[in-house]
Structure formats: C-alpha cells, structure tokens
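Raw input.cif, mmCIF, C-alpha atoms and all ligand atoms:
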data_run
#
loop_
_atom_site.label_atom_id
_atom_site.label_comp_id
_atom_site.auth_asym_id
_atom_site.auth_seq_id
_atom_site.Cartn_x
_atom_site.Cartn_y
_atom_site.Cartn_z
CA MET A 28 87.75 62.72 113.77
CA PRO A 29 90.84 62.55 116.02
CA GLU A 30 90.82 60.57 119.26
CA ILE A 31 90.57 62.67 122.41
CA ALA A 32 92.43 61.38 125.46
CA LYS A 33 89.85 61.34 128.26
CA SER A 34 92.35 61.48 131.12
CA SER A 35 94.34 64.59 130.13
CA ILE A 36 92.91 68.09 130.56
CA ALA A 37 93.50 70.33 127.56
CA GLY A 38 93.60 74.03 128.33
CA ALA A 39 95.71 77.16 128.63
CA ALA A 40 98.95 76.75 130.54
CA PRO A 41 100.73 80.07 131.13
CA GLU A 42 104.36 79.74 132.25
CA GLY A 43 104.65 78.66 135.87
CA ALA A 44 101.08 77.37 136.17
CA SER A 45 100.91 73.84 137.58
CA ASP A 46 97.17 73.09 137.63
CA ARG A 47 93.76 74.38 136.50
CA ASP A 48 93.43 76.93 139.31
CA SER A 49 96.91 78.39 138.99
CA ALA A 50 96.49 78.60 135.19
CA ALA A 51 93.22 80.53 135.57
CA ARG A 52 94.81 82.84 138.17
CA ALA A 53 97.79 83.55 135.91
CA VAL A 54 95.47 84.30 132.96
CA ARG A 55 93.36 86.69 135.04
CA GLU A 56 96.43 88.52 136.37
CA MET A 57 97.87 88.77 132.87
CA PHE A 58 94.75 90.37 131.36
CA THR A 59 94.30 92.64 134.36
CA SER A 60 97.90 93.86 133.93
CA ILE A 61 97.38 94.82 130.27
CA ALA A 62 93.76 96.04 130.57
CA PRO A 63 94.52 99.79 130.27
CA ARG A 64 96.30 99.26 126.95
CA TYR A 65 94.34 96.26 125.71
CA ASP A 66 92.26 98.05 123.04
CA LEU A 67 95.21 99.96 121.63
CA LEU A 68 97.31 96.78 121.49
CA ASN A 69 94.52 94.85 119.79
CA HIS A 70 93.99 97.40 117.04
CA VAL A 71 97.70 98.05 116.40
CA LEU A 72 98.76 94.41 116.40
CA SER A 73 95.88 93.25 114.19
CA PHE A 74 96.05 96.31 111.88
CA ASN A 75 92.39 96.88 112.85
CA VAL A 76 91.26 93.63 111.21
CA ASP A 77 89.88 92.58 114.61
CA ARG A 78 86.94 94.98 114.04
CA LEU A 79 86.01 93.10 110.84
CA TRP A 80 86.16 89.75 112.65
CA TRP A 81 83.82 90.87 115.45
CA CYS A 82 81.35 92.40 112.94
CA ARG A 83 81.39 89.35 110.69
CA THR A 84 80.72 87.10 113.67
CA ALA A 85 77.85 89.30 114.93
CA ARG A 86 76.33 89.31 111.41
CA ILE A 87 76.38 85.51 111.30
CA PHE A 88 74.17 85.45 114.41
CA ARG A 89 71.81 88.19 113.21
CA HIS A 90 68.92 85.70 113.05
CA ILE A 91 69.24 85.25 116.83
CA VAL A 92 70.16 88.73 118.03
CA THR A 93 67.23 90.35 116.23
CA ARG A 94 64.71 87.88 117.66
CA PRO A 95 62.64 89.73 120.30
CA GLY A 96 63.17 88.27 123.75
CA ALA A 97 66.41 86.47 122.82
CA ARG A 98 69.09 86.12 125.51
CA VAL A 99 72.71 86.40 124.46
CA LEU A 100 75.87 85.88 126.53
CA ASP A 101 79.32 86.96 125.34
CA LEU A 102 81.93 85.10 127.39
CA CYS A 103 85.45 86.37 128.08
CA CYS A 104 84.14 89.73 126.86
CA GLY A 105 87.19 91.75 127.94
CA THR A 106 86.60 95.42 127.12
CA GLY A 107 83.41 94.45 125.28
CA ASP A 108 84.07 94.80 121.55
CA MET A 109 82.40 91.50 120.58
CA THR A 110 79.51 92.31 122.93
CA PHE A 111 79.07 95.74 121.33
CA ALA A 112 79.17 94.24 117.83
CA LEU A 113 76.30 91.92 118.84
CA ARG A 114 74.39 94.85 120.35
CA ARG A 115 74.82 96.89 117.14
CA GLN A 116 73.68 93.94 115.01
CA ALA A 117 70.55 93.64 117.17
CA GLU A 118 69.68 97.26 116.30
CA ARG A 119 66.59 98.21 118.31
CA SER A 120 65.43 94.64 119.01
CA ALA A 121 64.39 93.96 122.58
CA VAL A 122 67.07 91.39 123.40
CA LEU A 123 69.13 90.83 126.50
CA ILE A 124 72.86 90.98 125.81
CA LEU A 125 75.34 90.26 128.59
CA GLY A 126 79.14 90.31 128.63
CA ALA A 127 80.98 88.18 131.21
CA ASP A 128 84.65 88.21 132.20
CA PHE A 129 86.64 87.34 135.31
CA SER A 130 88.90 90.38 135.11
CA HIS A 131 87.35 93.29 136.99
CA ALA A 132 89.69 95.76 135.26
CA MET A 133 88.55 94.63 131.80
CA LEU A 134 84.87 94.90 132.77
CA ARG A 135 85.33 98.42 134.16
CA LEU A 136 86.63 99.48 130.73
CA ALA A 137 83.74 97.71 128.96
CA ARG A 138 81.19 99.53 131.10
CA ALA A 139 82.90 102.87 130.46
CA LYS A 140 82.73 102.24 126.69
CA SER A 141 78.98 101.46 126.74
CA ALA A 142 77.83 105.04 126.32
CA LYS A 143 79.73 105.68 123.09
CA SER A 144 79.55 102.16 121.65
CA VAL A 145 75.76 101.67 121.80
CA ARG A 146 73.61 103.94 119.68
CA ASN A 147 70.41 101.87 119.47
CA GLY A 148 68.85 99.64 122.08
CA SER A 149 69.79 99.14 125.70
CA ALA A 150 73.42 98.87 126.80
CA PRO A 151 74.74 95.36 127.51
CA GLY A 152 74.86 94.12 131.09
CA TRP A 153 78.28 93.18 132.53
CA ILE A 154 78.89 90.21 134.82
CA GLU A 155 82.12 89.39 136.65
CA ALA A 156 82.29 85.61 136.46
CA ASP A 157 84.43 82.63 135.53
CA ALA A 158 83.46 81.06 132.19
CA LEU A 159 83.90 77.61 133.73
CA ASN A 160 81.35 78.27 136.46
CA LEU A 161 78.72 80.78 135.42
CA PRO A 162 75.96 82.05 137.74
CA PHE A 163 73.07 81.30 135.37
CA PRO A 164 70.47 78.53 135.30
CA SER A 165 70.66 75.83 132.65
CA GLU A 166 69.03 76.39 129.23
CA HIS A 167 68.92 80.16 129.79
CA PHE A 168 70.54 81.52 126.59
CA ASP A 169 69.76 81.46 122.85
CA LEU A 170 73.33 82.33 121.90
CA VAL A 171 76.69 82.11 123.69
CA THR A 172 79.76 83.65 122.05
CA ALA A 173 83.42 84.02 123.00
CA ALA A 174 85.97 86.05 121.03
CA PHE A 175 89.66 85.38 121.60
CA GLY A 176 88.92 84.25 125.15
CA PHE A 177 88.02 80.57 124.95
CA ARG A 178 91.66 79.67 124.13
CA ASN A 179 92.60 81.06 127.56
CA LEU A 180 90.37 78.69 129.54
CA SER A 181 92.25 76.25 131.72
CA ASP A 182 89.99 73.36 130.62
CA TYR A 183 88.49 73.49 127.10
CA ASP A 184 86.14 70.54 127.58
CA ALA A 185 84.76 72.00 130.84
CA GLY A 186 84.27 75.31 128.99
CA LEU A 187 82.33 73.61 126.19
CA ARG A 188 80.20 71.65 128.67
CA GLU A 189 79.35 74.87 130.52
CA ILE A 190 78.26 76.51 127.23
CA VAL A 191 76.10 73.49 126.39
CA ARG A 192 74.53 73.66 129.87
CA LEU A 193 73.64 77.34 129.41
CA LEU A 194 72.10 76.99 125.94
CA ARG A 195 68.47 76.17 125.49
CA PRO A 196 67.83 73.26 123.08
CA GLY A 197 68.42 74.58 119.54
CA GLY A 198 70.56 77.43 120.92
CA GLU A 199 73.82 78.29 119.17
CA CYS A 200 77.39 78.98 120.13
CA GLY A 201 80.11 80.95 118.32
CA ILE A 202 83.75 80.74 119.37
CA LEU A 203 86.00 83.14 117.50
CA ASP A 204 89.69 82.57 118.01
CA PHE A 205 93.10 82.62 116.41
CA GLY A 206 94.24 79.87 114.07
CA GLU A 207 97.45 78.91 112.32
CA PRO A 208 97.35 79.77 108.61
CA LYS A 209 99.04 77.28 106.29
CA GLY A 210 101.26 77.54 103.20
CA ALA A 211 103.52 80.43 102.16
CA PHE A 212 101.25 83.01 103.76
CA GLY A 213 101.34 80.99 106.99
CA ALA A 214 105.15 80.98 106.98
CA LEU A 215 105.27 84.77 106.65
CA TYR A 216 102.54 85.25 109.22
CA ARG A 217 104.40 83.04 111.73
CA ILE A 218 107.41 85.35 111.54
CA TYR A 219 105.15 88.27 112.40
CA PHE A 220 103.19 86.41 115.09
CA LYS A 221 106.15 84.79 116.86
CA LYS A 222 108.91 87.37 116.43
CA VAL A 223 107.46 90.82 115.76
CA LEU A 224 104.18 90.79 117.70
CA PRO A 225 105.66 89.69 121.08
CA ARG A 226 108.27 92.48 120.90
CA VAL A 227 105.87 95.25 119.83
CA GLY A 228 103.20 93.97 122.26
CA THR A 229 105.61 93.93 125.21
CA TRP A 230 106.85 97.40 124.29
CA ILE A 231 103.36 98.97 124.10
CA ALA A 232 101.94 97.04 127.09
CA GLY A 233 104.99 97.83 129.22
CA VAL A 234 104.62 94.37 130.80
CA ARG A 235 106.67 91.28 130.05
CA GLY A 236 104.85 87.98 129.56
CA PRO A 237 101.43 88.35 127.96
CA TYR A 238 102.69 88.84 124.42
CA ALA A 239 105.03 85.89 124.59
CA TYR A 240 102.14 83.84 125.96
CA LEU A 241 99.87 84.72 123.00
CA PRO A 242 101.69 82.73 120.26
CA ALA A 243 102.34 79.89 122.72
CA SER A 244 98.63 79.71 123.58
CA VAL A 245 97.63 79.59 119.90
CA GLU A 246 100.14 76.77 119.33
CA ARG A 247 98.63 74.81 122.25
CA PHE A 248 95.04 75.36 121.11
CA PRO A 249 93.50 72.33 119.33
CA GLN A 250 93.52 72.31 115.54
CA PRO A 251 90.04 72.71 113.96
CA GLU A 252 89.50 68.96 113.49
CA GLU A 253 90.21 68.23 117.14
CA MET A 254 88.21 71.21 118.40
CA LEU A 255 85.18 70.07 116.36
CA ALA A 256 85.50 66.59 117.87
CA ARG A 257 85.61 68.14 121.35
CA MET A 258 82.50 70.20 120.56
CA GLN A 259 80.64 67.10 119.48
CA SER A 260 81.61 65.13 122.56
CA ALA A 261 80.52 68.07 124.74
CA GLY A 262 77.01 67.78 123.27
CA PHE A 263 76.82 70.00 120.17
CA SER A 264 74.78 68.31 117.47
CA GLU A 265 76.25 70.42 114.66
CA ALA A 266 79.76 71.81 114.71
CA SER A 267 81.61 73.73 112.01
CA TRP A 268 84.66 75.95 111.55
CA THR A 269 84.95 78.89 109.13
CA PRO A 270 88.39 80.41 108.59
CA TYR A 271 88.70 84.22 108.60
CA THR A 272 91.50 86.07 106.75
CA PHE A 273 93.36 82.99 105.42
CA GLY A 274 92.92 81.18 108.74
CA ILE A 275 94.59 83.78 111.00
CA ALA A 276 91.35 83.54 112.92
CA GLY A 277 88.26 81.39 112.56
CA LEU A 278 84.76 80.89 113.90
CA TYR A 279 83.61 77.66 115.52
CA ARG A 280 79.85 77.28 115.45
CA GLY A 281 77.78 74.72 117.26
CA ARG A 282 74.10 74.06 117.85
CA LYS A 283 72.77 72.31 120.94
C1 LIG A 301 92.04 88.17 124.62
S1 LIG A 301 90.81 88.81 125.69
C2 LIG A 301 89.42 88.91 124.62
C3 LIG A 301 88.50 90.03 124.96
C4 LIG A 301 87.39 90.30 123.95
N1 LIG A 301 86.48 89.19 123.84
C5 LIG A 301 87.96 90.66 122.60
O1 LIG A 301 87.58 90.03 121.59
O2 LIG A 301 88.74 91.60 122.54
C6 LIG A 301 90.46 87.41 126.67
C7 LIG A 301 89.57 87.72 127.87
O3 LIG A 301 89.14 86.48 128.42
C8 LIG A 301 89.05 86.63 129.82
N2 LIG A 301 89.08 85.28 130.41
C9 LIG A 301 90.03 84.33 130.26
N3 LIG A 301 89.70 83.23 130.95
C10 LIG A 301 88.50 83.49 131.53
C11 LIG A 301 87.63 82.74 132.36
N4 LIG A 301 87.94 81.50 132.77
N5 LIG A 301 86.47 83.30 132.75
C12 LIG A 301 86.13 84.56 132.37
N6 LIG A 301 86.93 85.33 131.60
C13 LIG A 301 88.09 84.80 131.18
C14 LIG A 301 90.23 87.50 130.18
O4 LIG A 301 90.09 88.13 131.43
C15 LIG A 301 90.23 88.49 129.00
O5 LIG A 301 89.53 89.65 129.29
#

Target encoding structure tokens, full file:
Amino acid sequence: MPEIAKSSIAGAAPEGASDRDSAARAVREMFTSIAPRYDLLNHVLSFNVDRLWWCRTARIFRHIVTRPGARVLDLCCGTGDMTFALRRQAERSAVLILGADFSHAMLRLARAKSAKSVRNGSAPGWIEADALNLPFPSEHFDLVTAAFGFRNLSDYDAGLREIVRLLRPGGECGILDFGEPKGAFGALYRIYFKKVLPRVGTWIAGVRGPYAYLPASVERFPQPEEMLARMQSAGFSEASWTPYTFGIAGLYRGRK
C-alpha cells in the first residue's frame, strides 16, 4: 500500500481555488452553472454508458436496498440518476432512500424528475447539504453511495471519514468514479477525454471551465491503490475496486 502524507490535504482544486472552502465554492458554482444541461451533457459525452454504470452499481447493492427498513444515502446526487437507480433496484421494498447535494439547482432538477423516474415504491427524499458535513446522526445508514461526485470533494480523507461516521457497523459504501484506463485503449481514450470532451462539453454547456476541469480532476484523483489505502485508514475494514468499461470508471466498495 502506498504511503499517505498526513500533512497534505488531497482533494479537488478547481483553477483559482486557494483552500478547502474556496475549492468547495468553486465546485458548487461550476455544477450550478451547468445544471440545466447536465443530463444531456452526461448522456452525450458518455455515449449513454453512464446509465449502465449506475444500474450496475445499484445491482451490486441489491442485498441492502431490498432489505426492509434499510436506510440509503446517495451523496453528491446531482440530478439524481444514481439515486433513482437505487430506488428502482429496491423495487417495492420499504426502504428510505435519500439524495444529498450542495447545489440547489441540481436538486431542483432531481425533484422534478422523481415523478417519471420512480415507478415502484416511494420517491427519494432530497437534502441540500455538504458531503463533508452532513446533518445526520452517526451510524444512521446501511449504505452510502456517491457517483462521480466524490472526486469533487475538497478533502477526500474528510469525505471518507464522514461516510464512515454515517454508516452503522457492517454498513457499506460504494464510490463510483472515473478512472484512467491503461494500454492502447487508454491512449485512445485520453485523446477523447482530454481533447474532444472539453471542447464538445464547453460547446453544449455554453460555459467555459467545467469541461476543462473534468479531465484535470480525474488526473488529480488518487489511483486505485492509494484510494484503497485512504479508505482503510479512514476506518473501512474491507476495501476493493472494480473497474468498469476497461477502467474508464470504477467502483470502490468498503465495509465499516
Ligand atoms: C458530476 S456530478 C454527479 C451527479 C450524479 N451523482 C451523477 O452520477 O450524475 C457531481 C455532483 O456533486 C456535487 N458535489 C460536489 N461536491 C459536493 C459536496 N462537497 N457536497 C455535496 N455535493 C457536492 C455537485 O454539486 C454535483 O451535483
């Protein structure tokens, strides 16, 4: 396992941000600015593969989301697609599923999508809150997930510690995020991710910045080995990583 420097904070650092608070503010403003086009951008830029990743992740946690009385929290839920995938996987089970995000604009869209995205069971609840400081008691949840949001936290270790705090003993966590595929496929993918995606993303979003930040944030994000070491030092007793689609994305799992 790699050594983790205790003194330095690892986390997202959008251009111009000088500390944890300004990084979080810049991230929130960035997502708020692209919220109206976020779903369209996601589906176009991922060729709709994002839907498979959310479903696959929700299926992995089926044993929890179908357990009557279970409590599930989807962090950095954005417009709610991971949250809805969990709700669909739960079918009619009486479980509590909440989505949390600190961008009000993203949550408004999530709430508006509830009616058409949930066929069985009750609609998820939506909470406006910072993933580093959540308004829930300790040991409250059976499952905490985050899809493509954890990478944007201004302090990864603080984010992991907050997830550990929220999970009841034996509870599980699933962090789905982008990775960096290796080999010849990785070389081709990097051309797309670093050259094509920022241009198309900026063009569709109509805002400069967020789609240049995306590849930079993936580059900054710890490699799987380091992330697993961080999970273990935060208090997860089991930690694993499963690559999705040749490692373009991947799921970190941990058990408290
Ligand atoms: C790339 S989007 C992912 C949305 C959704 N989970 C998905 O899979 O499409 C990242 C989301 O994380 C949210 N976010 C980033 N940092 C956050 C924080 N510290 N607390 C709460 N939400 C945060 C952003 O507002 C944004 O909506």

Quiz prompt | From A:Gly213, A:Gly186, A:Gly201, A:Pro63, residue lying nearest ligand LIG 301 (chain A) [all atoms listed in the file] | solution = A:Gly186

Quiz item: Taking only C-alpha atoms and all ligand atoms into account, which residues are within 7 Å of ligand LIG 301 (chain A), as number ranges by chain?
Solution: A: 51, 54-55, 58-59, 102-109, 127-130, 133, 156-159, 173-177, 179-181

Exercise. Give me the residues within 12 Å of Tyr219 (chain A) as a VMD selection string, counting all atoms listed in the file and dropping any in the same chain fewer than 5 places off.
Key: chain A and resid 72 to 73 212 to 214 224 to 228 242 275

Adding 5 Å on each side of the box along x, y and z that holds all listed atoms of region 118-133 of chain A, could you give its centre and edge lengths in Å to one decimal, as lines of an AutoDock Vina configuration file?
center_x = 77.0
center_y = 92.8
center_z = 126.6
size_x = 35.3
size_y = 20.9
size_z = 30.7

Quiz item: For Val245 (chain A), which of A:Ala276, A:Val99, A:Leu215, A:Ala232 is the closest residue, counting all atoms listed in the file?
Solution: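 Among the listed residues, the smallest separation from Val245 (chain A) belongs to A:Ala276.
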
Quiz item: Rounded to one decimal in Å, what is the spacing between CA of Phe248 (chain A) and CA of Phe111 (chain A)?
Solution: 25.9 Å

Report the closest atom pair, with its distance in Å rounded to one decimal, for each residue of region 137-254 of chain A that has an atom no farther than 12 Å from region 85-96 of chain A; count only C-alpha atoms, sort by chain and then rising residue number, and write it as a tab-separated table.
residue	atom	partner	partner_atom	distance
A:Gly148	CA	A:Thr93	CA	11.1
A:His167	CA	A:Gly96	CA	11.6
A:Phe168	CA	A:Gly96	CA	10.4
A:Asp169	CA	A:Ile91	CA	7.1
A:Leu170	CA	A:Ile91	CA	7.1
A:Val171	CA	A:Phe88	CA	10.2
A:Thr172	CA	A:Ala85	CA	9.3
A:Ala173	CA	A:Ala85	CA	11.1
A:Ala174	CA	A:Ala85	CA	10.7
A:Gly197	CA	A:Ile91	CA	11.0
A:Gly198	CA	A:Ile91	CA	8.9
A:Glu199	CA	A:Phe88	CA	8.6
A:Cys200	CA	A:Phe88	CA	9.2
A:Gly201	CA	A:Phe88	CA	8.4
A:Ile202	CA	A:Ala85	CA	11.3
A:Leu203	CA	A:Ala85	CA	10.5

Practice problem: Do a neighbour search on Ala261 (chain A) at 10 Å with all atoms listed in the file, toss out local chain neighbours closer than 6 positions, and write the hits as JSON, numbers by chain. | Solution: {"A": [183, 184, 185, 186, 187, 188, 189, 190, 191, 192, 255, 283]}

Selection as a PDB file with C-alpha atoms, keeping the file's coordinate frame: residues within 12 Å of (102.9, 79.8, 137.2), counting all atoms listed in the file:
ATOM      1  CA  ALA A  39      95.710  77.160 128.630  1.00  0.00           C
ATOM      2  CA  ALA A  40      98.950  76.750 130.540  1.00  0.00           C
ATOM      3  CA  PRO A  41     100.730  80.070 131.130  1.00  0.00           C
ATOM      4  CA  GLU A  42     104.360  79.740 132.250  1.00  0.00           C
ATOM      5  CA  GLY A  43     104.650  78.660 135.870  1.00  0.00           C
ATOM      6  CA  ALA A  44     101.080  77.370 136.170  1.00  0.00           C
ATOM      7  CA  SER A  45     100.910  73.840 137.580  1.00  0.00           C
ATOM      8  CA  ASP A  46      97.170  73.090 137.630  1.00  0.00           C
ATOM      9  CA  ARG A  47      93.760  74.380 136.500  1.00  0.00           C
ATOM     10  CA  ASP A  48      93.430  76.930 139.310  1.00  0.00           C
ATOM     11  CA  SER A  49      96.910  78.390 138.990  1.00  0.00           C
ATOM     12  CA  ALA A  50      96.490  78.600 135.190  1.00  0.00           C
ATOM     13  CA  ALA A  51      93.220  80.530 135.570  1.00  0.00           C
ATOM     14  CA  ARG A  52      94.810  82.840 138.170  1.00  0.00           C
ATOM     15  CA  ALA A  53      97.790  83.550 135.910  1.00  0.00           C
ATOM     16  CA  VAL A  54      95.470  84.300 132.960  1.00  0.00           C
ATOM     17  CA  ARG A  55      93.360  86.690 135.040  1.00  0.00           C
ATOM     18  CA  GLU A  56      96.430  88.520 136.370  1.00  0.00           C
ATOM     19  CA  MET A  57      97.870  88.770 132.870  1.00  0.00           C
ATOM     20  CA  GLY A 236     104.850  87.980 129.560  1.00  0.00           C
ATOM     21  CA  TYR A 240     102.140  83.840 125.960  1.00  0.00           C
TER      22      TYR A 240
END

For Gly274 (chain A), work out the shell of residues within 7 Å, counting all atoms listed in the file and skipping chain neighbours fewer than 4 positions away, then give it as a short mmCIF file (atom, residue, chain, number, x, y, z; two decimals) with C-alpha atoms, keeping the file's coordinate frame.
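The new file result.cif reads:
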data_model
loop_
_atom_site.label_atom_id
_atom_site.label_comp_id
_atom_site.auth_asym_id
_atom_site.auth_seq_id
_atom_site.Cartn_x
_atom_site.Cartn_y
_atom_site.Cartn_z
CA GLY A 206 94.24 79.87 114.07
CA GLU A 207 97.45 78.91 112.32
CA PRO A 208 97.35 79.77 108.61
CA PRO A 270 88.39 80.41 108.59
#

Quiz item: Any idea what the distance is between CA of Pro237 (chain A) and CA of Asp101 (chain A)?
Solution: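 CA of Pro237 (chain A) sits 22.3 Å away from CA of Asp101 (chain A).
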
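Taking CA of Val122 (chain A) and CA of Gly281 (chain A) as endpoints, the distance between them is 20.7 Å.
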
Quiz item: Hey, which of A:Asp66, A:Asp204, A:Asp182, A:Glu118 ends up closest to Thr269 (chain A)? Count all atoms listed in the file.
Solution: A:Asp204

Exercise. Rank A:Asn69, A:Asn160, A:Ser260, A:Ser120 by their smallest atom-to-atom distance to Arg98 (chain A), using only C-alpha atoms, and report the top residue only.
Key: A:Ser120
